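So this block is input-v2.cif, mmCIF, C-alpha atoms:
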```cif
data_query
loop_
_atom_site.group_PDB
_atom_site.id
_atom_site.type_symbol
_atom_site.label_atom_id
_atom_site.label_comp_id
_atom_site.auth_asym_id
_atom_site.auth_seq_id
_atom_site.Cartn_x
_atom_site.Cartn_y
_atom_site.Cartn_z
ATOM 1 C CA MET A 1 15.241 15.631 17.267
ATOM 2 C CA ASP A 2 16.268 12.811 14.978
ATOM 3 C CA THR A 3 18.230 13.670 11.878
ATOM 4 C CA HIS A 4 19.667 10.319 10.826
ATOM 5 C CA GLU A 5 16.513 9.233 8.997
ATOM 6 C CA THR A 6 16.169 12.148 6.600
ATOM 7 C CA PRO A 7 18.942 11.602 4.043
ATOM 8 C CA ALA A 8 18.810 13.486 0.765
ATOM 9 C CA PRO A 9 16.177 11.706 -1.358
ATOM 10 C CA ALA A 10 16.960 10.274 -4.743
ATOM 11 C CA ALA A 11 16.016 12.330 -7.792
ATOM 12 C CA HIS A 12 13.012 10.148 -8.591
ATOM 13 C CA GLU A 13 11.562 10.902 -5.152
ATOM 14 C CA THR A 14 11.373 14.639 -5.764
ATOM 15 C CA ALA A 15 10.462 14.825 -9.448
ATOM 16 C CA PRO A 16 6.866 15.790 -10.320
ATOM 17 C CA SER A 17 4.778 13.579 -12.543
ATOM 18 C CA ALA A 18 4.993 13.884 -16.305
ATOM 19 C CA ALA A 19 2.053 16.290 -16.278
ATOM 20 C CA GLY A 20 3.815 18.551 -13.772
ATOM 21 C CA LEU A 21 1.458 17.437 -10.997
ATOM 22 C CA PRO A 22 2.432 16.004 -7.596
ATOM 23 C CA ASP A 23 3.345 12.330 -7.809
ATOM 24 C CA LEU A 24 1.932 10.038 -5.124
ATOM 25 C CA GLU A 25 3.915 7.014 -6.290
ATOM 26 C CA PRO A 26 7.063 7.516 -4.146
ATOM 27 C CA ALA A 27 5.012 7.891 -0.945
ATOM 28 C CA ALA A 28 2.846 4.899 -1.820
ATOM 29 C CA ARG A 29 5.873 2.786 -2.716
ATOM 30 C CA ARG A 30 7.619 3.607 0.563
ATOM 31 C CA ILE A 31 4.641 2.330 2.539
ATOM 32 C CA ALA A 32 4.594 -0.897 0.525
ATOM 33 C CA GLU A 33 8.290 -1.372 1.244
ATOM 34 C CA LEU A 34 7.650 -0.999 4.981
ATOM 35 C CA LEU A 35 5.246 -3.950 5.022
ATOM 36 C CA GLY A 36 7.789 -6.713 4.491
ATOM 37 C CA PRO A 37 10.216 -6.342 7.402
ATOM 38 C CA PHE A 38 7.736 -6.912 10.260
ATOM 39 C CA ASP A 39 5.576 -9.916 11.127
ATOM 40 C CA ASP A 40 2.071 -10.190 12.480
ATOM 41 C CA GLY A 41 3.391 -10.077 16.031
ATOM 42 C CA ALA A 42 3.754 -6.313 15.606
ATOM 43 C CA LEU A 43 0.098 -5.732 14.759
ATOM 44 C CA ASP A 44 -0.968 -4.993 18.314
ATOM 45 C CA GLY A 45 1.864 -2.554 18.967
ATOM 46 C CA PRO A 46 1.256 1.175 19.555
ATOM 47 C CA THR A 47 1.478 3.908 16.941
ATOM 48 C CA PRO A 48 1.800 7.717 17.064
ATOM 49 C CA CYS A 49 -1.988 7.795 16.508
ATOM 50 C CA PRO A 50 -3.304 7.476 20.096
ATOM 51 C CA ASP A 51 -6.382 5.410 19.207
ATOM 52 C CA TYR A 52 -4.639 3.087 16.746
ATOM 53 C CA ALA A 53 -2.589 -0.048 17.137
ATOM 54 C CA VAL A 54 -0.517 -1.036 14.106
ATOM 55 C CA ARG A 55 -3.386 -3.175 12.800
ATOM 56 C CA HIS A 56 -5.741 -0.185 12.878
ATOM 57 C CA LEU A 57 -3.168 1.987 11.115
ATOM 58 C CA LEU A 58 -2.837 -0.621 8.361
ATOM 59 C CA GLY A 59 -6.624 -0.869 8.098
ATOM 60 C CA HIS A 60 -6.820 2.906 7.845
ATOM 61 C CA LEU A 61 -4.162 2.944 5.120
ATOM 62 C CA THR A 62 -6.120 0.365 3.140
ATOM 63 C CA GLY A 63 -9.309 2.375 3.496
ATOM 64 C CA LEU A 64 -7.785 5.724 2.619
ATOM 65 C CA ALA A 65 -5.955 4.297 -0.401
ATOM 66 C CA THR A 66 -9.259 2.906 -1.639
ATOM 67 C CA ALA A 67 -11.158 6.126 -0.939
ATOM 68 C CA PHE A 68 -8.626 8.424 -2.596
ATOM 69 C CA ARG A 69 -8.263 6.067 -5.558
ATOM 70 C CA ASP A 70 -12.006 6.365 -6.108
ATOM 71 C CA ALA A 71 -11.939 10.115 -5.448
ATOM 72 C CA ALA A 72 -9.334 10.525 -8.192
ATOM 73 C CA ARG A 73 -11.470 8.486 -10.576
ATOM 74 C CA LYS A 74 -14.606 10.462 -9.545
ATOM 75 C CA ASP A 75 -16.092 7.071 -8.704
ATOM 76 C CA LEU A 76 -18.145 8.419 -5.830
ATOM 77 C CA GLY A 77 -19.769 5.767 -3.693
ATOM 78 C CA PRO A 78 -19.518 4.138 -0.266
ATOM 79 C CA SER A 79 -15.716 4.301 -0.193
ATOM 80 C CA THR A 80 -15.719 8.094 -0.584
ATOM 81 C CA ALA A 81 -18.797 8.746 1.578
ATOM 82 C CA THR A 82 -17.586 7.262 4.854
ATOM 83 C CA SER A 83 -15.824 9.398 7.447
ATOM 84 C CA PRO A 84 -12.557 7.840 8.615
ATOM 85 C CA ASP A 85 -13.737 8.490 12.183
ATOM 86 C CA ALA A 86 -16.934 6.484 11.743
ATOM 87 C CA ALA A 87 -15.433 3.367 13.322
ATOM 88 C CA LEU A 88 -12.093 1.867 14.294
ATOM 89 C CA PRO A 89 -10.497 0.484 11.100
ATOM 90 C CA VAL A 90 -10.655 -3.278 10.618
ATOM 91 C CA LEU A 91 -7.680 -5.110 9.124
ATOM 92 C CA ASP A 92 -8.666 -8.014 6.888
ATOM 93 C CA ASP A 93 -6.639 -11.224 6.867
ATOM 94 C CA ASP A 94 -5.485 -10.670 3.282
ATOM 95 C CA TRP A 95 -4.015 -7.220 3.981
ATOM 96 C CA ARG A 96 -0.508 -8.167 2.821
ATOM 97 C CA GLU A 97 -1.883 -8.741 -0.677
ATOM 98 C CA VAL A 98 -4.587 -6.065 -0.721
ATOM 99 C CA LEU A 99 -2.761 -3.059 0.744
ATOM 100 C CA PRO A 100 0.176 -3.047 -1.729
ATOM 101 C CA ARG A 101 -2.314 -3.326 -4.582
ATOM 102 C CA ARG A 102 -4.410 -0.441 -3.256
ATOM 103 C CA LEU A 103 -1.279 1.684 -2.881
ATOM 104 C CA GLU A 104 -0.364 1.043 -6.522
ATOM 105 C CA GLU A 105 -3.909 1.898 -7.573
ATOM 106 C CA VAL A 106 -4.135 5.186 -5.683
ATOM 107 C CA ALA A 107 -0.794 6.340 -7.090
ATOM 108 C CA ALA A 108 -1.841 5.401 -10.616
ATOM 109 C CA ALA A 109 -5.226 7.117 -10.283
ATOM 110 C CA TRP A 110 -3.638 10.446 -9.348
ATOM 111 C CA ARG A 111 -1.327 10.363 -12.365
ATOM 112 C CA SER A 112 -4.310 11.356 -14.482
ATOM 113 C CA PRO A 113 -4.567 15.150 -14.939
ATOM 114 C CA ASP A 114 -8.354 14.759 -14.770
ATOM 115 C CA ALA A 115 -8.047 13.625 -11.160
ATOM 116 C CA TRP A 116 -6.830 17.093 -10.180
ATOM 117 C CA THR A 117 -9.714 18.991 -11.814
ATOM 118 C CA GLY A 118 -13.354 19.489 -10.921
ATOM 119 C CA MET A 119 -14.968 18.429 -7.673
ATOM 120 C CA THR A 120 -14.756 15.079 -5.940
ATOM 121 C CA ARG A 121 -15.415 13.568 -2.524
ATOM 122 C CA ALA A 122 -13.389 11.853 0.191
ATOM 123 C CA GLY A 123 -14.312 11.043 3.760
ATOM 124 C CA GLY A 124 -17.820 12.261 3.045
ATOM 125 C CA ILE A 125 -16.553 15.756 2.215
ATOM 126 C CA GLU A 126 -16.930 17.447 -1.163
ATOM 127 C CA LEU A 127 -13.717 19.165 -2.216
ATOM 128 C CA PRO A 128 -11.821 20.258 -5.344
ATOM 129 C CA GLY A 129 -9.730 17.605 -7.034
ATOM 130 C CA GLU A 130 -6.505 19.525 -6.466
ATOM 131 C CA VAL A 131 -7.211 19.703 -2.732
ATOM 132 C CA ALA A 132 -8.133 16.013 -2.573
ATOM 133 C CA GLY A 133 -4.853 15.141 -4.271
ATOM 134 C CA ALA A 134 -2.859 17.186 -1.777
ATOM 135 C CA VAL A 135 -4.730 15.565 1.110
ATOM 136 C CA ALA A 136 -4.090 12.094 -0.335
ATOM 137 C CA LEU A 137 -0.372 12.791 -0.602
ATOM 138 C CA ASN A 138 -0.299 14.141 2.952
ATOM 139 C CA GLU A 139 -2.091 11.056 4.264
ATOM 140 C CA LEU A 140 0.439 8.752 2.605
ATOM 141 C CA VAL A 141 3.448 10.722 3.825
ATOM 142 C CA ILE A 142 2.288 11.179 7.428
ATOM 143 C CA HIS A 143 0.912 7.677 7.885
ATOM 144 C CA GLY A 144 3.976 6.246 6.177
ATOM 145 C CA TRP A 145 6.015 7.913 8.912
ATOM 146 C CA ASP A 146 3.598 6.538 11.513
ATOM 147 C CA LEU A 147 4.079 3.000 10.233
ATOM 148 C CA ALA A 148 7.849 3.312 9.991
ATOM 149 C CA ARG A 149 8.165 4.700 13.498
ATOM 150 C CA SER A 150 5.764 2.087 14.930
ATOM 151 C CA THR A 151 7.728 -0.799 13.414
ATOM 152 C CA GLY A 152 11.229 0.549 14.040
ATOM 153 C CA GLN A 153 12.128 1.332 10.436
ATOM 154 C CA PRO A 154 13.828 4.380 8.877
ATOM 155 C CA TYR A 155 11.764 6.833 6.864
ATOM 156 C CA ALA A 156 12.667 9.544 4.373
ATOM 157 C CA ALA A 157 10.483 11.631 2.068
ATOM 158 C CA GLY A 158 11.227 13.853 -0.907
ATOM 159 C CA GLU A 159 11.372 17.607 -0.398
ATOM 160 C CA ALA A 160 8.548 18.278 -2.870
ATOM 161 C CA GLU A 161 6.269 15.924 -0.933
ATOM 162 C CA LEU A 162 7.179 17.488 2.383
ATOM 163 C CA ARG A 163 6.672 21.030 1.084
ATOM 164 C CA SER A 164 3.193 20.061 -0.110
ATOM 165 C CA CYS A 165 2.409 18.635 3.335
ATOM 166 C CA GLU A 166 3.835 21.707 5.024
ATOM 167 C CA VAL A 167 1.465 23.984 3.102
ATOM 168 C CA LEU A 168 -1.526 21.757 3.795
ATOM 169 C CA LEU A 169 -0.782 21.412 7.508
ATOM 170 C CA ALA A 170 0.121 25.027 8.230
ATOM 171 C CA PRO A 171 -2.137 26.519 10.949
ATOM 172 C CA ASP A 172 -4.890 28.772 9.624
ATOM 173 C CA GLU A 173 -5.861 31.875 11.593
ATOM 174 C CA ASP A 174 -9.468 31.424 10.465
ATOM 175 C CA ASP A 175 -9.485 27.721 11.409
ATOM 176 C CA PRO A 176 -6.972 27.262 14.248
ATOM 177 C CA ASP A 177 -7.980 23.666 14.998
ATOM 178 C CA ARG A 178 -7.996 22.874 11.257
ATOM 179 C CA GLY A 179 -11.486 21.454 11.335
ATOM 180 C CA GLY A 180 -10.592 19.196 14.241
ATOM 181 C CA ILE A 181 -8.715 16.906 11.870
ATOM 182 C CA PHE A 182 -5.264 17.418 13.368
ATOM 183 C CA ALA A 183 -3.972 17.820 16.888
ATOM 184 C CA PRO A 184 -2.304 21.153 17.688
ATOM 185 C CA PRO A 185 1.186 21.494 16.190
ATOM 186 C CA VAL A 186 4.054 20.352 18.391
ATOM 187 C CA PRO A 187 6.803 22.957 18.907
ATOM 188 C CA VAL A 188 10.147 22.106 17.279
ATOM 189 C CA PRO A 189 13.292 24.179 16.686
ATOM 190 C CA ALA A 190 13.175 26.393 13.617
ATOM 191 C CA ASP A 191 16.244 24.595 12.257
ATOM 192 C CA ALA A 192 14.789 21.096 12.739
ATOM 193 C CA PRO A 193 14.837 18.847 9.648
ATOM 194 C CA LEU A 194 11.937 19.450 7.266
ATOM 195 C CA LEU A 195 10.493 16.005 7.972
ATOM 196 C CA ASP A 196 10.452 16.730 11.708
ATOM 197 C CA ARG A 197 8.764 20.081 11.119
ATOM 198 C CA VAL A 198 6.064 18.501 8.965
ATOM 199 C CA ILE A 199 5.443 15.707 11.470
ATOM 200 C CA ALA A 200 5.198 18.314 14.230
ATOM 201 C CA LEU A 201 2.661 20.297 12.198
ATOM 202 C CA SER A 202 0.511 17.157 12.079
ATOM 203 C CA GLY A 203 0.392 17.147 15.882
ATOM 204 C CA ARG A 204 2.910 14.340 16.368
ATOM 205 C CA ARG A 205 6.150 14.333 18.303
ATOM 206 C CA PRO A 206 9.015 13.779 15.864
ATOM 207 C CA ASP A 207 10.899 11.862 18.573
ATOM 208 C CA TRP A 208 8.024 9.445 19.211
ATOM 209 C CA ARG A 209 9.026 5.824 19.843
ATOM 210 C CA PRO A 210 6.899 2.827 20.955
ATOM 211 C CA SER A 211 9.056 2.591 24.072
ATOM 212 C CA VAL A 212 8.091 6.107 25.177
ATOM 213 C CA VAL A 213 4.325 5.935 24.666
#
```

What is this file in structure tokens?
Amino acid sequence: MDTHETPAPAAHETAPSAAGLPDLEPAARRIAELLGPFDDGALDGPTPCPDYAVRHLLGHLTGLATAFRDAARKDLGPSTATSPDAALPVLDDDWREVLPRRLEEVAAAWRSPDAWTGMTRAGGIELPGEVAGAVALNELVIHGWDLARSTGQPYAAGEAELRSCEVLLAPDEDDPDRGGIFAPPVPVPADAPLLDRVIALSGRRPDWRPSVV
């Protein structure tokens, strides 16, 4: 398993938000920083998501950032009603401008304590705000790793983020396939880095590379 890409995160990557709630900003910022180093020639390359090329992954990131921004705001409409599996994501031509803006917006929306209370909706599913926030963070962390690995870039995440993902992704005896959302966990050594363990829980191989698809 790889260990070189999980250095100790900086303090600002592990600190909770001012309200003591999980902070989505570091995960969102990391994705934005991954967008610059690759050109459009990489868009048709493979990703750890079997049905997605890089362009589909970027389209999915744009859609989920929009949906979870609106879920945080309780602005329930088409963006929060559509299942992410409804169709293959489409990447618009202006994605380099739109996606960074959506990432900023979703992080800002979840800084509000109100976002974490009451009920909301995402992907057509009604769920408590605190659960939606945890799912949003997980989506950013896991798909950030997907994008980094697909484009040959390093990736590191804060321990607090990874612990949140670990709890969310842990297999449930009452729901072993986790609603069909995730593939079965991939076995990894018990002493594997936390990032590798979290990625494995999501059903991905931590050693995935485009060259070994």

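Between Trp208 of chain A and the residues A:Gly123, A:Gly144, A:Pro48, A:Pro187, the shortest atom-to-atom distance, using only C-alpha atoms, involves A:Pro48.
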
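Minimum atom-to-atom distances from A:Leu21, A:Ala27, A:Leu103, A:Val131 to Arg69 of chain A were compared using all atoms listed in the file, and the lowest value belongs to A:Leu103.
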
Next on the checklist: Starting from the PyMOL selection byres ((chain A and resi 117) around 7), expand the selection into actual residues of this file and give them as a ChimeraX atom specification.
Outcome noted: /A:114-116,118-119,128-130

Apply the PyMOL selection byres ((chain A and resi 89) around 7) to the file shown and report the selected residues as a PDB file with C-alpha atoms, in the coordinates of the input.
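Produced file expr-v9.pdb, reproduced below:
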```
ATOM      1  CA  HIS A  56      -5.741  -0.185  12.878  1.00  0.00           C
ATOM      2  CA  GLY A  59      -6.624  -0.869   8.098  1.00  0.00           C
ATOM      3  CA  HIS A  60      -6.820   2.906   7.845  1.00  0.00           C
ATOM      4  CA  ALA A  87     -15.433   3.367  13.322  1.00  0.00           C
ATOM      5  CA  LEU A  88     -12.093   1.867  14.294  1.00  0.00           C
ATOM      6  CA  VAL A  90     -10.655  -3.278  10.618  1.00  0.00           C
ATOM      7  CA  LEU A  91      -7.680  -5.110   9.124  1.00  0.00           C
TER       8      LEU A  91
END
```

Next on the checklist: I need every residue sitting at most 12 Å from the point (8.1, 18.0, 1.8) (coordinates as in the file, only C-alpha atoms considered), written as JSON, numbers by chain.
Outcome noted: {"A": [6, 8, 9, 13, 14, 15, 22, 27, 134, 137, 138, 141, 142, 156, 157, 158, 159, 160, 161, 162, 163, 164, 165, 166, 167, 168, 169, 193, 194, 195, 196, 197, 198, 199, 201]}

Checklist entry - Around (-3.4, 1.8, 15.3) in the file's own coordinates, what residues are found within 12 Å if you use all atoms listed in the file, given back as a ChimeraX atom specification? => result /A:42-61,88-91,143,146-147,150-151,210

Next on the checklist: So, with all atoms listed in the file as the atoms that count, which of A:Pro185, A:Pro26, A:Pro100, A:Pro113 lies closest to Ala170 of chain A?
Outcome noted: A:Pro185

Next on the checklist: Quick check on the file I pasted: which residues fall under the PyMOL selection byres ((chain A and resi 70) around 9)? Write them as a PyMOL selection string.
Outcome noted: chain A and resi 65-69+71-77+79-80+106+109+121-122

Next on the checklist: Report as a count of residues only all protein, DNA and RNA residues lying within 9 Å of Leu24 of chain A, evaluated on all atoms listed in the file, omitting residues in the same chain fewer than 3 positions from it.
Outcome noted: 14

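Shortest atom-to-atom contact with Gly20 of chain A among A:Ser83, A:Thr62, A:Thr120, A:Ser112: A:Ser112, counting all atoms listed in the file.
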
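Computed from the coordinates, the atom CA of Pro171 of chain A to atom CA of Arg209 of chain A distance equals 25.1 Å.
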